[in-house]
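Visitor: Got a structure for you, structure-v4.txt, holding compact mmCIF, C-alpha atoms.
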# COMPACT_ATOMS: atom_id res chain seq x y z
CA MET A 779 37.89 -4.59 -1.44
CA GLN A 780 38.26 -6.34 1.94
CA PHE A 781 35.19 -7.03 4.07
CA GLN A 782 37.31 -7.15 7.24
CA ARG A 783 37.97 -3.41 7.08
CA PHE A 784 34.38 -2.40 6.41
CA ASP A 785 32.57 -0.85 9.37
CA LEU A 786 29.13 -2.44 9.28
CA ASN A 787 27.69 0.66 10.92
CA LEU A 788 28.35 2.38 7.59
CA LEU A 789 25.66 0.24 5.96
CA ILE A 790 22.98 2.42 7.51
CA ALA A 791 24.66 5.58 6.28
CA LEU A 792 25.14 4.07 2.81
CA ASP A 793 21.50 3.03 2.60
CA VAL A 794 20.16 6.47 3.49
CA LEU A 795 22.67 8.30 1.28
CA LEU A 796 21.72 6.17 -1.72
CA ARG A 797 18.02 6.84 -1.16
CA GLU A 798 18.17 10.53 -0.26
CA LYS A 799 21.05 11.54 -2.59
CA ASN A 800 21.65 14.42 -0.21
CA VAL A 801 24.06 14.53 2.74
CA THR A 802 21.97 16.93 4.84
CA ARG A 803 18.71 15.02 4.39
CA ALA A 804 20.48 11.73 5.00
CA ALA A 805 21.89 13.07 8.27
CA GLU A 806 18.43 14.22 9.36
CA ARG A 807 16.91 10.82 8.56
CA VAL A 808 19.24 8.96 10.93
CA PHE A 809 19.60 11.77 13.50
CA VAL A 810 23.30 12.49 13.12
CA SER A 811 25.11 15.73 12.33
CA GLN A 812 25.86 16.80 8.79
CA PRO A 813 29.64 16.59 9.39
CA ALA A 814 29.25 13.03 10.70
CA MET A 815 27.35 12.01 7.56
CA SER A 816 29.94 13.72 5.37
CA ALA A 817 32.65 11.75 7.16
CA ALA A 818 30.70 8.53 6.55
CA LEU A 819 30.42 9.35 2.84
CA HIS A 820 34.17 9.96 2.69
CA LYS A 821 34.84 6.52 4.22
CA LEU A 822 32.39 4.87 1.83
CA ARG A 823 34.01 6.52 -1.18
CA ASP A 824 37.40 5.33 -0.01
CA TYR A 825 36.16 1.77 0.53
CA PHE A 826 34.38 1.41 -2.82
CA GLY A 827 36.92 3.42 -4.79
CA ASP A 828 34.03 5.37 -6.28
CA PRO A 829 32.47 8.78 -5.50
CA LEU A 830 28.99 7.17 -5.25
CA LEU A 831 27.37 10.65 -5.27
CA VAL A 832 28.41 13.40 -7.69
CA ARG A 833 27.13 16.91 -8.15
CA VAL A 834 25.14 17.56 -11.34
CA GLY A 835 24.14 21.21 -11.47
CA ARG A 836 22.52 22.02 -8.12
CA ASP A 837 21.66 18.38 -7.32
CA MET A 838 23.53 15.26 -6.37
CA GLU A 839 23.20 12.16 -8.54
CA LEU A 840 24.30 8.58 -8.02
CA THR A 841 27.15 7.16 -10.03
CA PRO A 842 26.51 3.84 -11.82
CA ARG A 843 28.26 2.09 -8.92
CA GLY A 844 26.05 3.91 -6.43
CA SER A 845 22.90 2.97 -8.33
CA SER A 846 23.95 -0.67 -8.42
CA LEU A 847 24.17 -0.72 -4.61
CA ILE A 848 20.66 0.58 -3.82
CA HIS A 849 18.77 -2.71 -3.76
CA PRO A 850 21.52 -5.02 -2.43
CA VAL A 851 22.30 -2.68 0.48
CA ARG A 852 18.63 -2.18 1.35
CA GLU A 853 17.99 -5.92 1.20
CA ALA A 854 21.04 -6.65 3.38
CA LEU A 855 19.83 -4.24 6.06
CA LEU A 856 16.31 -5.63 5.98
CA LYS A 857 17.61 -9.19 6.33
CA ILE A 858 19.70 -8.15 9.32
CA GLN A 859 16.69 -6.39 10.83
CA ALA A 860 14.46 -9.40 10.23
CA THR A 861 17.05 -11.77 11.72
CA LEU A 862 17.58 -9.70 14.85
CA GLY A 863 13.86 -9.00 15.28
CA THR A 864 12.70 -12.59 14.82
CA GLN A 865 12.27 -14.66 17.97
CA PRO A 866 12.36 -18.47 17.77
CA THR A 867 8.92 -18.55 19.37
CA PHE A 868 6.04 -16.09 19.43
CA GLU A 869 3.75 -15.36 22.35
CA ALA A 870 0.97 -13.08 21.14
CA ALA A 871 -0.08 -12.04 24.64
CA SER A 872 3.34 -10.59 25.48
CA SER A 873 4.86 -9.64 22.12
CA GLN A 874 5.81 -6.01 21.56
CA ARG A 875 6.36 -6.23 17.82
CA GLU A 876 5.42 -3.42 15.46
CA PHE A 877 3.72 -3.88 12.08
CA THR A 878 2.78 -1.62 9.20
CA ILE A 879 -0.20 -2.89 7.22
CA ILE A 880 -1.36 -1.40 3.91
CA VAL A 881 -5.06 -2.01 3.24
CA SER A 882 -7.38 -1.35 0.34
CA GLU A 883 -10.40 0.85 1.07
CA GLU A 884 -12.57 -2.14 0.21
CA ALA A 885 -11.36 -3.85 3.40
CA VAL A 886 -11.85 -0.86 5.70
CA PRO A 887 -15.59 -1.05 6.56
CA GLY A 888 -15.81 -4.69 7.62
CA LEU A 889 -12.54 -6.61 7.68
CA LEU A 890 -10.13 -4.04 9.14
CA PRO A 891 -12.12 -3.43 12.36
CA ARG A 892 -12.24 -7.18 12.97
CA ILE A 893 -8.49 -7.50 12.43
CA ILE A 894 -7.79 -4.67 14.89
CA LYS A 895 -10.22 -6.12 17.44
CA ARG A 896 -8.50 -9.51 17.35
CA ILE A 897 -5.02 -7.97 17.63
CA ALA A 898 -6.14 -5.80 20.55
CA SER A 899 -7.62 -8.85 22.28
CA GLU A 900 -4.93 -11.45 21.62
CA ALA A 901 -1.78 -9.30 21.33
CA PRO A 902 -2.46 -6.05 23.23
CA SER A 903 1.19 -4.91 23.19
CA ILE A 904 1.62 -5.19 19.43
CA ARG A 905 1.70 -1.80 17.71
CA CYS A 906 0.10 -1.42 14.29
CA HIS A 907 0.32 1.34 11.70
CA ILE A 908 -2.43 1.22 9.09
CA GLU A 909 -1.96 2.89 5.70
CA LEU A 910 -4.36 3.10 2.78
CA VAL A 911 -3.30 1.57 -0.50
CA SER A 912 -1.46 3.76 -3.00
CA GLN A 913 0.38 3.49 -6.29
CA THR A 914 3.60 2.77 -4.38
CA SER A 915 2.27 -0.06 -2.18
CA LEU A 916 4.32 -2.81 -3.84
CA SER A 917 7.56 -0.84 -3.65
CA LYS A 918 6.90 -0.07 0.03
CA LEU A 919 6.51 -3.77 0.70
CA GLU A 920 9.71 -4.55 -1.19
CA GLY A 921 11.61 -1.76 0.55
CA GLY A 922 10.63 -2.84 4.05
CA GLU A 923 8.37 0.16 4.68
CA ALA A 924 5.38 -2.17 5.15
CA ASP A 925 4.95 -5.70 6.47
CA LEU A 926 1.67 -6.73 4.84
CA CYS A 927 -0.48 -5.50 1.96
CA LEU A 928 -4.19 -6.35 1.95
CA ILE A 929 -5.03 -5.02 -1.50
CA LEU A 930 -6.91 -5.55 -4.74
CA ASP A 931 -5.40 -8.02 -7.19
CA ASN A 932 -5.08 -5.52 -10.02
CA LEU A 933 -1.53 -4.80 -11.20
CA ARG A 934 -2.64 -1.78 -13.21
CA LEU A 935 -3.37 0.07 -9.97
CA TYR A 936 0.31 -0.16 -9.03
CA ASP A 937 1.83 0.53 -12.46
CA ALA A 938 3.28 -2.97 -12.53
CA GLN A 939 3.44 -5.67 -15.20
CA ALA A 940 3.86 -8.48 -12.67
CA TYR A 941 4.25 -8.95 -8.94
CA PRO A 942 7.91 -8.91 -7.88
CA ASP A 943 9.40 -12.38 -7.45
CA ASN A 944 10.36 -11.62 -3.84
CA LEU A 945 6.73 -11.08 -2.81
CA HIS A 946 4.50 -13.96 -1.76
CA SER A 947 0.70 -13.86 -1.76
CA THR A 948 -2.50 -15.63 -0.86
CA LEU A 949 -5.93 -15.14 -2.39
CA LEU A 950 -8.65 -13.79 -0.11
CA ARG A 951 -12.19 -12.57 -0.87
CA PRO A 952 -13.85 -11.81 -4.22
CA VAL A 953 -14.70 -8.14 -4.77
CA ARG A 954 -18.01 -7.13 -6.35
CA TRP A 955 -18.28 -3.65 -7.83
CA VAL A 956 -21.67 -1.89 -7.93
CA CYS A 957 -23.13 1.42 -9.02
CA ALA A 958 -24.61 3.62 -6.27
CA VAL A 959 -26.87 6.67 -6.50
CA ASP A 960 -28.94 8.76 -4.12
CA ARG A 961 -32.05 6.83 -3.02
CA GLN A 962 -34.17 9.76 -4.22
CA HIS A 963 -32.35 10.11 -7.54
CA PRO A 964 -34.58 12.00 -10.01
CA THR A 965 -33.98 9.74 -13.01
CA VAL A 966 -32.73 6.38 -11.71
CA THR A 967 -35.66 4.36 -10.39
CA ASP A 968 -35.67 0.57 -9.98
CA HIS A 969 -33.42 -0.36 -12.91
CA LEU A 970 -30.18 0.96 -14.33
CA SER A 971 -29.43 0.22 -17.97
CA ALA A 972 -26.03 0.48 -19.61
CA GLU A 973 -27.30 3.42 -21.70
CA GLN A 974 -28.49 5.35 -18.65
CA PHE A 975 -25.31 4.52 -16.75
CA GLN A 976 -23.24 6.17 -19.48
CA THR A 977 -25.29 9.39 -19.32
CA LEU A 978 -24.88 9.89 -15.56
CA PRO A 979 -22.25 12.26 -14.14
CA HIS A 980 -19.85 10.29 -11.96
CA VAL A 981 -18.00 10.92 -8.74
CA VAL A 982 -14.80 8.92 -8.33
CA GLY A 983 -12.69 8.09 -5.30
CA ARG A 984 -9.14 9.11 -6.15
CA PRO A 985 -6.73 8.58 -3.24
CA GLY A 986 -3.86 11.00 -2.87
CA GLY A 987 -1.33 8.25 -3.50
CA TYR A 988 -2.30 7.98 -7.18
CA ALA A 989 -1.08 10.18 -10.01
CA ALA A 990 -3.71 8.87 -12.44
CA SER A 991 -6.89 10.84 -13.08
CA GLY A 992 -10.29 9.66 -11.89
CA GLU A 993 -11.14 8.55 -15.42
CA GLU A 994 -7.92 6.58 -15.70
CA LEU A 995 -8.42 4.86 -12.33
CA ILE A 996 -11.86 3.60 -13.38
CA ARG A 997 -10.37 2.47 -16.69
CA ARG A 998 -7.65 0.52 -14.87
CA LEU A 999 -10.15 -1.00 -12.46
CA LEU A 1000 -12.93 -2.04 -14.80
CA ASP A 1001 -11.96 -1.31 -18.41
CA ILE A 1002 -14.76 1.25 -18.87
CA ASP A 1003 -15.00 4.97 -19.56
CA VAL A 1004 -17.16 7.33 -17.50
CA THR A 1005 -17.72 11.08 -17.36
CA VAL A 1006 -16.16 12.26 -14.09
CA GLN A 1007 -17.65 15.44 -12.62
CA LEU A 1008 -16.21 15.14 -9.12
CA THR A 1009 -13.32 13.38 -7.39
CA VAL A 1010 -13.01 12.74 -3.66
CA PRO A 1011 -9.99 11.51 -1.67
CA SER A 1012 -11.26 7.99 -1.04
CA LEU A 1013 -13.80 5.35 -2.02
CA LEU A 1014 -15.06 5.68 1.55
CA HIS A 1015 -16.30 9.21 0.80
CA LEU A 1016 -18.49 8.16 -2.11
CA PRO A 1017 -21.69 7.19 -0.26
CA LEU A 1018 -21.53 10.45 1.67
CA VAL A 1019 -21.40 12.77 -1.35
CA LEU A 1020 -24.09 11.02 -3.39
CA VAL A 1021 -26.96 12.17 -1.17
CA GLY A 1022 -29.00 14.94 -2.75
CA THR A 1023 -27.12 14.84 -6.08
CA ARG A 1024 -27.51 13.36 -9.56
CA TYR A 1025 -24.10 11.72 -9.34
CA ALA A 1026 -23.41 8.02 -9.71
CA ALA A 1027 -20.46 6.22 -8.17
CA ILE A 1028 -18.74 2.90 -8.81
CA LEU A 1029 -17.60 1.31 -5.58
CA PRO A 1030 -17.12 -2.08 -3.91
CA GLU A 1031 -20.37 -3.47 -2.53
CA ARG A 1032 -18.81 -3.81 0.93
CA VAL A 1033 -18.16 -0.04 1.03
CA ALA A 1034 -21.78 0.70 0.13
CA GLU A 1035 -23.45 -1.84 2.45
CA PRO A 1036 -23.33 0.17 5.72
CA PHE A 1037 -25.23 3.01 4.04
CA LEU A 1038 -28.01 0.83 2.71
CA ASP A 1039 -29.43 0.44 6.22
CA GLU A 1040 -29.60 4.22 6.52
CA SER A 1041 -31.72 4.43 3.35
CA THR A 1042 -29.52 7.17 1.91
CA ILE A 1043 -28.34 5.41 -1.25
CA LYS A 1044 -29.37 2.52 -3.49
CA ILE A 1045 -27.13 0.22 -5.47
CA PHE A 1046 -27.35 -1.65 -8.77
CA PRO A 1047 -25.24 -4.32 -10.43
CA LEU A 1048 -22.95 -2.83 -13.03
CA PRO A 1049 -24.83 -3.16 -16.33
CA PHE A 1050 -21.92 -4.67 -18.26
CA PRO A 1051 -19.31 -7.42 -17.80
CA THR A 1052 -16.34 -6.53 -15.61
CA PRO A 1053 -13.05 -8.33 -14.86
CA ALA A 1054 -13.13 -10.64 -11.84
CA GLN A 1055 -11.22 -9.19 -8.91
CA HIS A 1056 -10.16 -10.40 -5.47
CA GLU A 1057 -8.45 -9.14 -2.39
CA ILE A 1058 -5.01 -10.62 -1.89
CA LEU A 1059 -2.57 -10.63 0.99
CA LEU A 1060 1.03 -9.84 0.02
CA TRP A 1061 4.24 -10.03 2.04
CA HIS A 1062 7.97 -10.18 1.40
CA LYS A 1063 9.57 -13.64 1.40
CA ARG A 1064 12.06 -12.50 4.05
CA HIS A 1065 9.17 -12.83 6.55
CA ASP A 1066 8.12 -16.36 5.52
CA THR A 1067 9.41 -18.06 8.65
CA ASP A 1068 9.01 -15.22 11.14
CA PRO A 1069 6.60 -16.63 13.80
CA ALA A 1070 5.05 -13.23 14.57
CA HIS A 1071 4.52 -12.48 10.90
CA MET A 1072 3.09 -15.95 10.33
CA TRP A 1073 0.63 -15.36 13.19
CA LEU A 1074 -0.52 -12.06 11.71
CA ARG A 1075 -0.91 -13.52 8.21
CA GLN A 1076 -2.94 -16.41 9.56
CA LEU A 1077 -5.16 -14.04 11.54
CA VAL A 1078 -5.91 -11.88 8.48
CA THR A 1079 -6.53 -14.89 6.26
CA GLU A 1080 -8.82 -16.51 8.81
CA LEU A 1081 -10.93 -13.39 9.28
CA ALA A 1082 -11.17 -12.80 5.53
CA THR A 1083 -12.32 -16.37 5.00
CA GLU A 1084 -15.03 -15.99 7.63
CA SER A 1085 -16.50 -12.82 6.12
Re-express the file's structure as structure tokens.
Guide:
Amino acid sequence: MQFQRFDLNLLIALDVLLREKNVTRAAERVFVSQPAMSAALHKLRDYFGDPLLVRVGRDMELTPRGSSLIHPVREALLKIQATLGTQPTFEAASSQREFTIIVSEEAVPGLLPRIIKRIASEAPSIRCHIELVSQTSLSKLEGGEADLCLILDNLRLYDAQAYPDNLHSTLLRPVRWVCAVDRQHPTVTDHLSAEQFQTLPHVVGRPGGYAASGEELIRRLLDIDVTVQLTVPSLLHLPLVLVGTRYAAILPERVAEPFLDESTIKIFPLPFPTPAQHEILLWHKRHDTDPAHMWLRQLVTELATES
């Protein structure tokens, strides 16, 4: 295997072939013809001395050699991208960088608007893509599909035993969970006991990016069991669907606060101990010294500290 005879342009084709495991889809992803992608696969097979992709029934599967290349190839491309995209200095007022930020719903009502306002004011040419947190947030950050994750520090939400070693983090704000009900709830008055809490039908925010049930999400969040009668696509929907119902909802206090002024819901402390939780900011170590990325991390951390 000689590096001198490897066409570095084939790295892009190799990366997409390994991820898609389909020549046609790979071609569509990088906007080339199917014959061109087939030719690239032929060259890659010749270089590695391995078929990389083999047909199993009606599908294509990676060979062991192909599987072993997934992460190294992706990481090599991302390092090249980061190197070429990183400027030695960063001028916020003129930068045209692009960032994808994954945020927890807890941060949406208060912190996210302030982040966007500051970016719009100080770096008006920067483009941002905001995504809500999902079960795959950590893998997106590792795979270069996101630049920052502003999420809850709860590994169970991401089906992980530990944060990957190549991700760095900083601790942000504590998160307080509360129980909310309609302000005119027929049975919940000025106090909510643990016994009454357990008898209430619950509505749960279950984002589309999670495979777990509403019951399982609450269990992962707070180590409790509730009777779920209704699920909605987001924690942000919860205050809206409580009005005029007997439902109760568990949600971050910051999500509930805007609705307290409208006198539509009332909130109570959860009537049992719950695990301490915080927001954290996560990023891949490849961005540690990128001036633009450092600026964005500092901005988010500063605004979170102020709130």
Visitor: State, in Å with one decimal place, the distance from atom CA of A:Ala1054 to atom CA of A:Tyr941.
Guide: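 Interatomic distance, atom CA of A:Ala1054 to atom CA of A:Tyr941: 17.7 Å.
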Visitor: Rounded to one decimal in Å, what is the spacing between atom CA of A:Gly983 and atom CA of A:Val911?
Guide: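 Between atom CA of A:Gly983 and atom CA of A:Val911 the gap works out to 12.4 Å.
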Visitor: Counting only C-alpha atoms, what are the residues of stretch 950-987 of chain A within 12 Å of stretch 999-1018 of chain A, and for each of them which pair of atoms is the nearest and at what distance in Å, to one decimal? Sort the table by chain and rising number, as a tab-separated table.
Guide:
residue	atom	partner	partner_atom	distance
A:Val953	CA	A:Leu999	CA	11.4
A:Arg954	CA	A:Leu1000	CA	11.1
A:Trp955	CA	A:Leu1000	CA	8.9
A:Val956	CA	A:Leu1000	CA	11.1
A:Cys957	CA	A:Pro1017	CA	10.6
A:Ala958	CA	A:Pro1017	CA	7.6
A:Val959	CA	A:Pro1017	CA	8.1
A:Asp960	CA	A:Pro1017	CA	8.4
A:Arg961	CA	A:Pro1017	CA	10.7
A:Ala972	CA	A:Ile1002	CA	11.3
A:Glu973	CA	A:Val1004	CA	11.7
A:Gln974	CA	A:Val1004	CA	11.6
A:Phe975	CA	A:Val1004	CA	8.7
A:Gln976	CA	A:Val1004	CA	6.5
A:Thr977	CA	A:Thr1005	CA	8.0
A:Leu978	CA	A:Thr1005	CA	7.5
A:Pro979	CA	A:Thr1005	CA	5.7
A:His980	CA	A:Val1006	CA	4.7
A:Val981	CA	A:Leu1008	CA	4.6
A:Val982	CA	A:Thr1009	CA	4.8
A:Gly983	CA	A:Leu1013	CA	4.4
A:Arg984	CA	A:Pro1011	CA	5.2
A:Pro985	CA	A:Pro1011	CA	4.7
A:Gly986	CA	A:Pro1011	CA	6.3
A:Gly987	CA	A:Pro1011	CA	9.4
Visitor: Create the file for the chosen residues now, containing C-alpha atoms and written as a PDB file, keeping the file's coordinate frame.
Guide:
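Output below, filename again_33.pdb:
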ATOM      1  CA  VAL A 953     -14.700  -8.140  -4.770  1.00  0.00           C
ATOM      2  CA  ARG A 954     -18.010  -7.130  -6.350  1.00  0.00           C
ATOM      3  CA  TRP A 955     -18.280  -3.650  -7.830  1.00  0.00           C
ATOM      4  CA  VAL A 956     -21.670  -1.890  -7.930  1.00  0.00           C
ATOM      5  CA  CYS A 957     -23.130   1.420  -9.020  1.00  0.00           C
ATOM      6  CA  ALA A 958     -24.610   3.620  -6.270  1.00  0.00           C
ATOM      7  CA  VAL A 959     -26.870   6.670  -6.500  1.00  0.00           C
ATOM      8  CA  ASP A 960     -28.940   8.760  -4.120  1.00  0.00           C
ATOM      9  CA  ARG A 961     -32.050   6.830  -3.020  1.00  0.00           C
ATOM     10  CA  ALA A 972     -26.030   0.480 -19.610  1.00  0.00           C
ATOM     11  CA  GLU A 973     -27.300   3.420 -21.700  1.00  0.00           C
ATOM     12  CA  GLN A 974     -28.490   5.350 -18.650  1.00  0.00           C
ATOM     13  CA  PHE A 975     -25.310   4.520 -16.750  1.00  0.00           C
ATOM     14  CA  GLN A 976     -23.240   6.170 -19.480  1.00  0.00           C
ATOM     15  CA  THR A 977     -25.290   9.390 -19.320  1.00  0.00           C
ATOM     16  CA  LEU A 978     -24.880   9.890 -15.560  1.00  0.00           C
ATOM     17  CA  PRO A 979     -22.250  12.260 -14.140  1.00  0.00           C
ATOM     18  CA  HIS A 980     -19.850  10.290 -11.960  1.00  0.00           C
ATOM     19  CA  VAL A 981     -18.000  10.920  -8.740  1.00  0.00           C
ATOM     20  CA  VAL A 982     -14.800   8.920  -8.330  1.00  0.00           C
ATOM     21  CA  GLY A 983     -12.690   8.090  -5.300  1.00  0.00           C
ATOM     22  CA  ARG A 984      -9.140   9.110  -6.150  1.00  0.00           C
ATOM     23  CA  PRO A 985      -6.730   8.580  -3.240  1.00  0.00           C
ATOM     24  CA  GLY A 986      -3.860  11.000  -2.870  1.00  0.00           C
ATOM     25  CA  GLY A 987      -1.330   8.250  -3.500  1.00  0.00           C
TER      26      GLY A 987
END
Visitor: Counting all atoms listed in the file, figure out which residue out of A:Ala898, A:Gln913, A:His907, A:Pro813 gets nearest to A:Ser873.
Guide: A:Ala898
Visitor: Between atom CA of A:Ile996 and atom CA of A:Leu933, measure the distance and give it in Å to one decimal.
Guide: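 Spanning atom CA of A:Ile996 to atom CA of A:Leu933 is a straight-line distance of 13.5 Å.
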Visitor: Find the residues with any atom within 10 Å of (31.8, 10.5, 0.2); use all atoms listed in the file and the coordinates as given in the file, and write the answer as a ChimeraX atom specification.
Guide: /A:792,795,801,815-826,828-832
Visitor: I need the residue nearest A:Pro1047 from this list: A:Val1078, A:Leu970, A:Leu840, A:Leu995. Use all atoms listed in the file for the distance.
Guide: A:Leu970
Visitor: Closest to A:Leu1081 among A:Leu930, A:Ala989, A:Arg951, A:Asn800, using all atoms listed in the file?
Guide: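 For A:Leu1081, the nearest of the candidates is A:Arg951.
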Visitor: Which one of A:Pro1051, A:Ala1082, A:Gly921, A:Asn932 sits closest to A:Lys857 if you count only C-alpha atoms?
Guide: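 Nearest to A:Lys857: A:Gly921.
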Visitor: Counting all atoms listed in the file, write as a compact mmCIF listing (two decimals) with C-alpha atoms, keeping the file's coordinate frame all protein and nucleic acid residues lying at most 7 Å from (14.7, -6.1, 0.3) in the file's frame.
Guide:
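Dumped to selection-v4.txt:
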# COMPACT_ATOMS: atom_id res chain seq x y z
CA HIS A 849 18.77 -2.71 -3.76
CA ARG A 852 18.63 -2.18 1.35
CA GLU A 853 17.99 -5.92 1.20
CA LEU A 856 16.31 -5.63 5.98
CA GLU A 920 9.71 -4.55 -1.19
CA GLY A 921 11.61 -1.76 0.55
CA GLY A 922 10.63 -2.84 4.05
Visitor: Could you check which of A:Thr841, A:Arg998, A:Lys1044, A:Lys895 is closest to A:Asp937, using only C-alpha atoms?
Guide: A:Arg998
